[in-house]
Amino acid sequence: MQLVKAEVVVTSPDRNFVTLRLETDEGVVGLGDATLNGRELAVVAYLQEHVVPLLIGRDAARIEDTWQFLYRSAYWRRGPVTMAAIAAVDIALWDIKAKAAGMPLYQLLGGASRNGLLAYGHASGKELPELFDSIREHQEKGFRAIRVQTGVPGLKSIYGIASNATYDGGRYDHEPAQRGDLPQEEDWDTRSYLRHVPTVFEAVRHEFGPELPLLHDSHHRLTPIQAAKLGKSLEPYDLFWLEDVTPAENQEALRLVRQHTTTPLAIGEIFNTVWDYQLIIREQLIDYVRSAVTHTGGITHLKKVLDYAGQYQIKSGMHGPTDISPVGLAAQMHLGLAIHNFGIQEYMQHGARTDEVFRQSFTFTDGLLHPGNEPGLGVELDLAEAAKYEYQRAYLPFNRLADGTVHDW
């Protein structure tokens with residue numbers, strides 16, 4: 001099969017999504033996710049102006065060759081824009097191959113290694129009563145593992161608190177990228193955070209018991225010694241993982257963190273290639289790989305990362321908030337179902353309008369995700385529905401300290 005058409009579709013039902021739609025001369029259509037939260041149009045331009053012209057006439061079956069061609073021929077390698085564009089092509093080609101084979105994608109990746117994918121939801125609250133209600137709501141939805149994000153006394157608005165964000169006048173649980181011409185400013189105080197968070201997990205464990213897997217995201221805001229202190233202070237509460245404790249660019253910092261705490265560490269949602277992981281996997285400085293298929297060169301490349309991680313008993317924890325489109329989420333489900341070293345899948349439920357644009361076959365039952373058994377990814381794009389929602393500029397927030405200094409968000 002040859003590729004005869006390549007179209008970049010931008011739609012904004014509940015938030016902005018970028019989808020690559022490839023079509024072969026036999027009429028088989030494949031979809032790929034190219035969404036890069038807050039910088040979506042950069043990937044659109046990369047695809048439309050530089051990648052799409054290279055695809056027409058190519059053999060749709062040559063997935064590895066196409067990946068290497070797009071990566072190596074550009075000369076300017078790596079980075080989120082390049083790797084999201086390559087990922088979109090890669091995911092769409094896998095979708096085409098599986099549809100042509102008449103089977104769900106995970107079968108082409110080696111078949112299922114498990115019955116379903118343990119998923120975690122996102123509970124949050126400015127104070128304990130709101131947080132407890134949010135945890136119970138997620139348990140009622142079927143989640144058997146829950147990320148806990150909490151407000152901090154004295155801070156008005158911080159990362160991860162769903163009730164801080166509104167969408168069309170209501171709570172959207174939880175989309176940090178707010179539509180508007182400028183990013184929203186949030187505030188931060190690390191010492192207050194370090195004092196408060198252990199008391200929250202103590203209260204959560206007292207209320208919900210020792211068996212519930214709990215996760216927490218520090219979102220790159222701590223220095224290495226602060227991260228070590230937090231990990232050590234949370235050890236009594238048996239976290240499933242502590243995520244993104246320091247800015248990911250400073251990989252050596254995790255050596256210090258690792259020396260001081262046995263709390264499991266997850267990192268990598270802003271990593272884009274296996275080369276970003278070389279040191280921290282080889283030295284076993286993390287326990288979970290956080291990369292998304294969408295931002296890490298697609299299924300072809302992320303599978304190589306996870307195969308490498310598996311040599312060191314490091315598991316997957318693929319990034320899956322609402323800025324990963326249903327196409328990207330489906331790709332992760334298929335990959336997670338097939339690999340041996342699956343750990344857990346982040347799962348934020350998309351809004352109703354998004355589910356109308358992207359028709360999906362996955363299931364979420366008893367805390368487990370499954371991509372379904374439709375040929376390909378199991379996602380179809382309704383072009384007419386997508387056309388109803390034009391792109392709207394949206395930015396992720398940023399942090400300032402009390403003295404006005406810009407801080408990691």
# chains A, B, ... in the order shown; residues from 1 in each chain; ligands from 1
>>> select_by_dssp(residues="segment 202-393 of chain A", states="strand (DSSP E or B)", output="PyMOL selection string")
chain A and resi 214-217+241-243+265-267+288-289+315-316+342+345-346+358-360+363-365+368-370+376+379-381
>>> write_last_selection(atoms="C-alpha atoms", output="compact mmCIF listing (two decimals), in the first residue's frame")
# COMPACT_ATOMS: atom_id res chain seq x y z
CA LEU A 214 -1.45 6.33 46.06
CA LEU A 215 0.62 8.47 43.70
CA HIS A 216 1.82 12.06 43.89
CA ASP A 217 3.31 14.52 41.37
CA TRP A 241 5.34 6.44 43.12
CA LEU A 242 6.56 10.00 43.57
CA GLU A 243 6.61 11.71 40.19
CA LEU A 265 10.38 7.42 41.52
CA ALA A 266 8.69 8.10 38.18
CA ILE A 267 10.05 10.54 35.65
CA TYR A 288 8.79 4.03 36.14
CA VAL A 289 9.14 5.53 32.64
CA LYS A 315 8.27 -0.45 34.36
CA SER A 316 6.02 1.73 32.25
CA PHE A 342 3.84 -2.65 32.13
CA GLN A 345 -1.48 3.77 32.91
CA GLU A 346 -2.45 7.36 33.69
CA PHE A 358 -13.10 10.64 18.40
CA ARG A 359 -15.24 7.48 18.40
CA GLN A 360 -13.50 4.88 20.59
CA THR A 363 -13.35 -0.19 27.89
CA PHE A 364 -12.70 0.74 31.53
CA THR A 365 -13.94 -1.99 33.84
CA LEU A 368 -8.65 -1.82 34.15
CA LEU A 369 -8.40 -0.29 30.69
CA HIS A 370 -8.57 -2.38 27.51
CA GLY A 376 -6.21 -1.02 14.28
CA VAL A 379 -10.46 5.00 17.17
CA GLU A 380 -12.26 6.75 14.31
CA LEU A 381 -12.16 10.49 13.65
>>> residues_around(residues="Glu202 of chain A", least_positions_apart="4", cutoff="10 Å", atoms="only C-alpha atoms", output="MDAnalysis selection string")
chainID A and resid 197:198 206:207 234 236:237
>>> atom_distance(atom1="atom CA of Asp95 of chain A", atom2="atom CA of Leu31 of chain A")
6.5 Å
>>> atom_distance(atom1="atom CA of Leu55 of chain A", atom2="atom CA of Met1 of chain A")
12.4 Å
>>> residues_around(residues="Ala227 of chain A", least_positions_apart="4", cutoff="8 Å", atoms="only C-alpha atoms", output="list in words")
Leu222, Thr223, Gly231, Val245, Thr246 and Val257 of chain A
>>> write_last_selection(atoms="N, CA and C atoms", output="PDB file, in the first residue's frame")
ATOM      1  N   LEU A 222      11.193  20.891  42.704  1.00  0.00           N
ATOM      2  CA  LEU A 222      12.077  20.777  43.858  1.00  0.00           C
ATOM      3  C   LEU A 222      13.540  20.674  43.435  1.00  0.00           C
ATOM      4  N   THR A 223      14.425  21.154  44.305  1.00  0.00           N
ATOM      5  CA  THR A 223      15.851  20.901  44.135  1.00  0.00           C
ATOM      6  C   THR A 223      16.131  19.452  44.536  1.00  0.00           C
ATOM      7  N   GLY A 231      10.768  12.641  49.527  1.00  0.00           N
ATOM      8  CA  GLY A 231      10.677  11.194  49.383  1.00  0.00           C
ATOM      9  C   GLY A 231      10.820  10.478  50.703  1.00  0.00           C
ATOM     10  N   VAL A 245      10.188  14.664  40.653  1.00  0.00           N
ATOM     11  CA  VAL A 245      10.572  15.384  41.866  1.00  0.00           C
ATOM     12  C   VAL A 245      11.517  16.552  41.588  1.00  0.00           C
ATOM     13  N   THR A 246      12.327  16.450  40.540  1.00  0.00           N
ATOM     14  CA  THR A 246      13.235  17.540  40.178  1.00  0.00           C
ATOM     15  C   THR A 246      13.095  17.828  38.695  1.00  0.00           C
ATOM     16  N   VAL A 257      18.793  11.953  45.169  1.00  0.00           N
ATOM     17  CA  VAL A 257      17.466  11.576  45.665  1.00  0.00           C
ATOM     18  C   VAL A 257      17.449  10.106  46.034  1.00  0.00           C
TER      19      VAL A 257
END
>>> residues_around(residues="Leu3 of chain A", least_positions_apart="3", cutoff="10 Å", atoms="only C-alpha atoms", output="ChimeraX atom specification")
/A:6,22-29,55-61,93
>>> write_last_selection(atoms="N, CA, C and O atoms", output="tab-separated table (two decimals), in the first residue's frame")
chain	number	residue	atom	x	y	z
A	6	ALA	N	-2.36	12.81	3.05
A	6	ALA	CA	-1.95	13.10	4.43
A	6	ALA	C	-2.57	14.43	4.82
A	6	ALA	O	-2.34	15.45	4.16
A	22	LEU	N	-3.73	9.71	7.71
A	22	LEU	CA	-3.09	9.16	6.51
A	22	LEU	C	-4.04	8.21	5.81
A	22	LEU	O	-4.79	7.47	6.45
A	23	GLU	N	-3.98	8.21	4.48
A	23	GLU	CA	-4.83	7.33	3.68
A	23	GLU	C	-4.00	6.66	2.60
A	23	GLU	O	-3.14	7.29	1.98
A	24	THR	N	-4.27	5.38	2.37
A	24	THR	CA	-3.53	4.62	1.36
A	24	THR	C	-4.32	4.51	0.07
A	24	THR	O	-5.51	4.85	0.00
A	25	ASP	N	-3.64	4.01	-0.96
A	25	ASP	CA	-4.30	3.83	-2.26
A	25	ASP	C	-5.36	2.76	-2.22
A	25	ASP	O	-6.17	2.64	-3.15
A	26	GLU	N	-5.41	1.97	-1.16
A	26	GLU	CA	-6.46	0.96	-0.98
A	26	GLU	C	-7.57	1.46	-0.08
A	26	GLU	O	-8.47	0.69	0.30
A	27	GLY	N	-7.52	2.73	0.30
A	27	GLY	CA	-8.58	3.32	1.10
A	27	GLY	C	-8.49	3.07	2.59
A	27	GLY	O	-9.45	3.36	3.33
A	28	VAL	N	-7.37	2.54	3.07
A	28	VAL	CA	-7.20	2.31	4.51
A	28	VAL	C	-6.72	3.61	5.16
A	28	VAL	O	-5.76	4.23	4.68
A	29	VAL	N	-7.37	4.00	6.23
A	29	VAL	CA	-7.07	5.26	6.92
A	29	VAL	C	-6.41	4.97	8.26
A	29	VAL	O	-6.87	4.10	9.01
A	55	LEU	N	5.67	12.18	2.69
A	55	LEU	CA	4.93	10.95	2.92
A	55	LEU	C	4.23	10.42	1.67
A	55	LEU	O	4.07	9.20	1.52
A	56	ILE	N	3.80	11.31	0.81
A	56	ILE	CA	3.02	10.89	-0.34
A	56	ILE	C	3.86	9.98	-1.24
A	56	ILE	O	4.97	10.32	-1.64
A	57	GLY	N	3.31	8.82	-1.53
A	57	GLY	CA	3.99	7.85	-2.36
A	57	GLY	C	4.82	6.83	-1.59
A	57	GLY	O	5.32	5.87	-2.18
A	58	ARG	N	5.00	7.02	-0.30
A	58	ARG	CA	5.78	6.07	0.48
A	58	ARG	C	4.99	4.80	0.75
A	58	ARG	O	3.76	4.80	0.81
A	59	ASP	N	5.73	3.71	0.96
A	59	ASP	CA	5.14	2.42	1.29
A	59	ASP	C	4.66	2.46	2.73
A	59	ASP	O	5.46	2.61	3.66
A	60	ALA	N	3.36	2.31	2.94
A	60	ALA	CA	2.78	2.41	4.28
A	60	ALA	C	3.24	1.29	5.19
A	60	ALA	O	3.16	1.41	6.42
A	61	ALA	N	3.73	0.20	4.64
A	61	ALA	CA	4.13	-0.94	5.45
A	61	ALA	C	5.51	-0.77	6.06
A	61	ALA	O	5.86	-1.48	7.01
A	93	LEU	N	0.76	4.87	10.90
A	93	LEU	CA	1.20	3.72	10.10
A	93	LEU	C	0.90	2.40	10.80
A	93	LEU	O	0.52	1.41	10.16
>>> residues_around(residues="segment 392-406 of chain A", least_positions_apart="4", cutoff="10 Å", atoms="only C-alpha atoms", output="JSON, numbers by chain")
{"A": [10, 11, 12, 13, 15, 16, 37, 38, 39, 40, 41, 155, 157, 158, 159, 175, 176, 177, 178, 179, 180, 181, 182, 183, 184, 185, 186, 187, 188, 189, 190, 221]}
>>> closest_atom_pairs(of="segment 268-338 of chain A", to="segment 122-131 of chain A", cutoff="12 Å", atoms="only C-alpha atoms", output="tab-separated table")
residue	atom	partner	partner_atom	distance
A:Gly320	CA	A:His122	CA	11.0
A:Pro321	CA	A:His122	CA	9.4
A:Thr322	CA	A:His122	CA	11.4
>>> closest_atom_pairs(of="segment 248-361 of chain A", to="segment 99-111 of chain A", cutoff="12 Å", atoms="only C-alpha atoms", output="CSV")
residue,atom,partner,partner_atom,distance
A:Ile299,CA,A:Leu109,CA,9.6
A:Thr300,CA,A:Leu109,CA,10.0
A:Lys303,CA,A:Leu109,CA,9.5
A:Ala330,CA,A:Leu105,CA,9.6
A:Ala331,CA,A:Leu105,CA,8.2
A:Gln332,CA,A:Tyr106,CA,9.9
A:Met333,CA,A:Tyr106,CA,8.3
A:His334,CA,A:Tyr106,CA,4.7
A:Leu335,CA,A:Tyr106,CA,6.3
A:Gly336,CA,A:Tyr106,CA,8.5
A:Leu337,CA,A:Tyr106,CA,6.7
A:Ala338,CA,A:Gly111,CA,5.5
A:Ile339,CA,A:Gly110,CA,8.0
A:His340,CA,A:Gly110,CA,10.1
A:Ser361,CA,A:Pro104,CA,10.7
>>> write_last_selection(atoms="N, CA, C and O atoms", output="mmCIF file, in the first residue's frame")
data_model
loop_
_atom_site.group_PDB
_atom_site.id
_atom_site.type_symbol
_atom_site.label_atom_id
_atom_site.label_comp_id
_atom_site.auth_asym_id
_atom_site.auth_seq_id
_atom_site.Cartn_x
_atom_site.Cartn_y
_atom_site.Cartn_z
ATOM 1 N N ILE A 299 4.959 4.588 18.751
ATOM 2 C CA ILE A 299 5.025 3.227 19.279
ATOM 3 C C ILE A 299 6.394 2.618 19.021
ATOM 4 O O ILE A 299 6.980 1.973 19.895
ATOM 5 N N THR A 300 6.915 2.821 17.823
ATOM 6 C CA THR A 300 8.194 2.221 17.443
ATOM 7 C C THR A 300 9.297 2.598 18.414
ATOM 8 O O THR A 300 10.062 1.734 18.879
ATOM 9 N N LYS A 303 8.563 1.761 22.458
ATOM 10 C CA LYS A 303 8.750 0.335 22.745
ATOM 11 C C LYS A 303 10.230 0.026 22.962
ATOM 12 O O LYS A 303 10.597 -0.776 23.827
ATOM 13 N N ALA A 330 -5.161 5.462 22.946
ATOM 14 C CA ALA A 330 -5.364 4.124 22.403
ATOM 15 C C ALA A 330 -4.034 3.475 22.043
ATOM 16 O O ALA A 330 -3.814 2.284 22.316
ATOM 17 N N ALA A 331 -3.133 4.239 21.441
ATOM 18 C CA ALA A 331 -1.814 3.705 21.095
ATOM 19 C C ALA A 331 -1.090 3.204 22.341
ATOM 20 O O ALA A 331 -0.450 2.142 22.330
ATOM 21 N N GLN A 332 -1.227 3.950 23.445
ATOM 22 C CA GLN A 332 -0.582 3.548 24.694
ATOM 23 C C GLN A 332 -1.221 2.298 25.286
ATOM 24 O O GLN A 332 -0.538 1.448 25.861
ATOM 25 N N MET A 333 -2.524 2.181 25.160
ATOM 26 C CA MET A 333 -3.198 0.980 25.658
ATOM 27 C C MET A 333 -2.709 -0.258 24.915
ATOM 28 O O MET A 333 -2.444 -1.306 25.533
ATOM 29 N N HIS A 334 -2.609 -0.170 23.601
ATOM 30 C CA HIS A 334 -2.152 -1.320 22.822
ATOM 31 C C HIS A 334 -0.717 -1.682 23.187
ATOM 32 O O HIS A 334 -0.394 -2.871 23.353
ATOM 33 N N LEU A 335 0.138 -0.674 23.315
ATOM 34 C CA LEU A 335 1.528 -0.936 23.686
ATOM 35 C C LEU A 335 1.608 -1.503 25.094
ATOM 36 O O LEU A 335 2.318 -2.486 25.348
ATOM 37 N N GLY A 336 0.882 -0.910 26.033
ATOM 38 C CA GLY A 336 0.899 -1.376 27.413
ATOM 39 C C GLY A 336 0.369 -2.787 27.571
ATOM 40 O O GLY A 336 0.841 -3.547 28.419
ATOM 41 N N LEU A 337 -0.624 -3.149 26.762
ATOM 42 C CA LEU A 337 -1.179 -4.494 26.844
ATOM 43 C C LEU A 337 -0.172 -5.538 26.373
ATOM 44 O O LEU A 337 -0.164 -6.671 26.868
ATOM 45 N N ALA A 338 0.710 -5.144 25.442
ATOM 46 C CA ALA A 338 1.619 -6.110 24.828
ATOM 47 C C ALA A 338 2.941 -6.275 25.569
ATOM 48 O O ALA A 338 3.471 -7.384 25.631
ATOM 49 N N ILE A 339 3.488 -5.208 26.134
ATOM 50 C CA ILE A 339 4.821 -5.302 26.732
ATOM 51 C C ILE A 339 4.772 -6.091 28.031
ATOM 52 O O ILE A 339 3.738 -6.167 28.691
ATOM 53 N N HIS A 340 5.907 -6.650 28.419
ATOM 54 C CA HIS A 340 5.962 -7.420 29.664
ATOM 55 C C HIS A 340 6.057 -6.517 30.884
ATOM 56 O O HIS A 340 5.478 -6.807 31.937
ATOM 57 N N SER A 361 -13.286 2.512 20.992
ATOM 58 C CA SER A 361 -13.769 1.166 21.311
ATOM 59 C C SER A 361 -13.216 0.630 22.625
ATOM 60 O O SER A 361 -13.509 -0.507 22.990
#
>>> decode(residues="segment 332-347 of chain A", atoms="all heavy atoms", output="tab-separated table (two decimals), in the first residue's frame")
chain	number	residue	atom	x	y	z
A	332	GLN	N	-1.23	3.95	23.44
A	332	GLN	CA	-0.58	3.55	24.69
A	332	GLN	C	-1.22	2.30	25.29
A	332	GLN	O	-0.54	1.45	25.86
A	332	GLN	CB	-0.61	4.71	25.69
A	332	GLN	CG	0.18	5.88	25.19
A	332	GLN	CD	0.30	7.04	26.16
A	332	GLN	OE1	1.17	7.86	25.99
A	332	GLN	NE2	-0.52	7.11	27.18
A	333	MET	N	-2.52	2.18	25.16
A	333	MET	CA	-3.20	0.98	25.66
A	333	MET	C	-2.71	-0.26	24.91
A	333	MET	O	-2.44	-1.31	25.53
A	333	MET	CB	-4.71	1.12	25.50
A	333	MET	CG	-5.37	2.10	26.44
A	333	MET	SD	-7.17	1.96	26.28
A	333	MET	CE	-7.65	3.66	26.52
A	334	HIS	N	-2.61	-0.17	23.60
A	334	HIS	CA	-2.15	-1.32	22.82
A	334	HIS	C	-0.72	-1.68	23.19
A	334	HIS	O	-0.39	-2.87	23.35
A	334	HIS	CB	-2.27	-1.02	21.33
A	334	HIS	CG	-3.65	-1.07	20.80
A	334	HIS	ND1	-4.28	-2.25	20.46
A	334	HIS	CD2	-4.56	-0.08	20.56
A	334	HIS	CE1	-5.51	-1.98	20.02
A	334	HIS	NE2	-5.71	-0.67	20.07
A	335	LEU	N	0.14	-0.67	23.32
A	335	LEU	CA	1.53	-0.94	23.69
A	335	LEU	C	1.61	-1.50	25.09
A	335	LEU	O	2.32	-2.49	25.35
A	335	LEU	CB	2.34	0.35	23.58
A	335	LEU	CG	3.83	0.25	23.93
A	335	LEU	CD1	4.55	-0.77	23.06
A	335	LEU	CD2	4.50	1.62	23.80
A	336	GLY	N	0.88	-0.91	26.03
A	336	GLY	CA	0.90	-1.38	27.41
A	336	GLY	C	0.37	-2.79	27.57
A	336	GLY	O	0.84	-3.55	28.42
A	337	LEU	N	-0.62	-3.15	26.76
A	337	LEU	CA	-1.18	-4.49	26.84
A	337	LEU	C	-0.17	-5.54	26.37
A	337	LEU	O	-0.16	-6.67	26.87
A	337	LEU	CB	-2.45	-4.57	26.00
A	337	LEU	CG	-3.41	-5.73	26.28
A	337	LEU	CD1	-4.00	-5.63	27.67
A	337	LEU	CD2	-4.52	-5.77	25.22
A	338	ALA	N	0.71	-5.14	25.44
A	338	ALA	CA	1.62	-6.11	24.83
A	338	ALA	C	2.94	-6.27	25.57
A	338	ALA	O	3.47	-7.38	25.63
A	338	ALA	CB	1.89	-5.70	23.38
A	339	ILE	N	3.49	-5.21	26.13
A	339	ILE	CA	4.82	-5.30	26.73
A	339	ILE	C	4.77	-6.09	28.03
A	339	ILE	O	3.74	-6.17	28.69
A	339	ILE	CB	5.43	-3.90	26.99
A	339	ILE	CG1	4.54	-3.10	27.95
A	339	ILE	CG2	5.66	-3.16	25.68
A	339	ILE	CD1	5.14	-1.78	28.39
A	340	HIS	N	5.91	-6.65	28.42
A	340	HIS	CA	5.96	-7.42	29.66
A	340	HIS	C	6.06	-6.52	30.88
A	340	HIS	O	5.48	-6.81	31.94
A	340	HIS	CB	7.15	-8.38	29.64
A	340	HIS	CG	7.31	-9.16	30.92
A	340	HIS	ND1	8.23	-8.82	31.89
A	340	HIS	CD2	6.62	-10.21	31.41
A	340	HIS	CE1	8.12	-9.64	32.90
A	340	HIS	NE2	7.16	-10.50	32.65
A	341	ASN	N	6.81	-5.41	30.78
A	341	ASN	CA	7.11	-4.58	31.95
A	341	ASN	C	6.14	-3.40	32.09
A	341	ASN	O	6.54	-2.29	32.42
A	341	ASN	CB	8.56	-4.08	31.92
A	341	ASN	CG	8.90	-3.27	30.68
A	341	ASN	OD1	8.42	-3.58	29.58
A	341	ASN	ND2	9.74	-2.26	30.82
A	342	PHE	N	4.86	-3.67	31.86
A	342	PHE	CA	3.84	-2.65	32.13
A	342	PHE	C	3.75	-2.40	33.63
A	342	PHE	O	3.81	-3.34	34.44
A	342	PHE	CB	2.48	-3.11	31.60
A	342	PHE	CG	1.34	-2.22	32.01
A	342	PHE	CD1	1.09	-1.04	31.35
A	342	PHE	CD2	0.53	-2.56	33.09
A	342	PHE	CE1	0.04	-0.21	31.74
A	342	PHE	CE2	-0.51	-1.75	33.49
A	342	PHE	CZ	-0.76	-0.57	32.81
A	343	GLY	N	3.56	-1.13	34.02
A	343	GLY	CA	3.40	-0.78	35.42
A	343	GLY	C	2.02	-0.26	35.74
A	343	GLY	O	1.25	-0.86	36.52
A	344	ILE	N	1.65	0.86	35.13
A	344	ILE	CA	0.35	1.49	35.36
A	344	ILE	C	0.12	2.49	34.25
A	344	ILE	O	1.08	2.95	33.60
A	344	ILE	CB	0.31	2.18	36.75
A	344	ILE	CG1	-1.12	2.43	37.21
A	344	ILE	CG2	1.14	3.46	36.76
A	344	ILE	CD1	-1.24	2.82	38.69
A	345	GLN	N	-1.15	2.81	33.96
A	345	GLN	CA	-1.48	3.77	32.91
A	345	GLN	C	-2.23	4.96	33.51
A	345	GLN	O	-3.25	4.78	34.18
A	345	GLN	CB	-2.34	3.13	31.83
A	345	GLN	CG	-2.85	4.08	30.77
A	345	GLN	CD	-1.74	4.75	29.99
A	345	GLN	OE1	-0.88	4.08	29.43
A	345	GLN	NE2	-1.73	6.08	29.94
A	346	GLU	N	-1.72	6.15	33.30
A	346	GLU	CA	-2.45	7.36	33.69
A	346	GLU	C	-3.70	7.48	32.81
A	346	GLU	O	-3.63	7.30	31.60
A	346	GLU	CB	-1.56	8.59	33.51
A	346	GLU	CG	-2.23	9.89	33.92
A	346	GLU	CD	-1.29	11.08	33.80
A	346	GLU	OE1	-0.24	10.97	33.14
A	346	GLU	OE2	-1.61	12.14	34.39
A	347	TYR	N	-4.82	7.80	33.43
A	347	TYR	CA	-6.07	7.88	32.67
A	347	TYR	C	-6.91	9.04	33.18
A	347	TYR	O	-7.44	9.01	34.28
A	347	TYR	CB	-6.85	6.57	32.78
A	347	TYR	CG	-8.22	6.60	32.14
A	347	TYR	CD1	-8.43	7.19	30.90
A	347	TYR	CD2	-9.32	6.03	32.79
A	347	TYR	CE1	-9.68	7.22	30.32
A	347	TYR	CE2	-10.58	6.03	32.21
A	347	TYR	CZ	-10.76	6.63	30.97
A	347	TYR	OH	-12.01	6.66	30.40
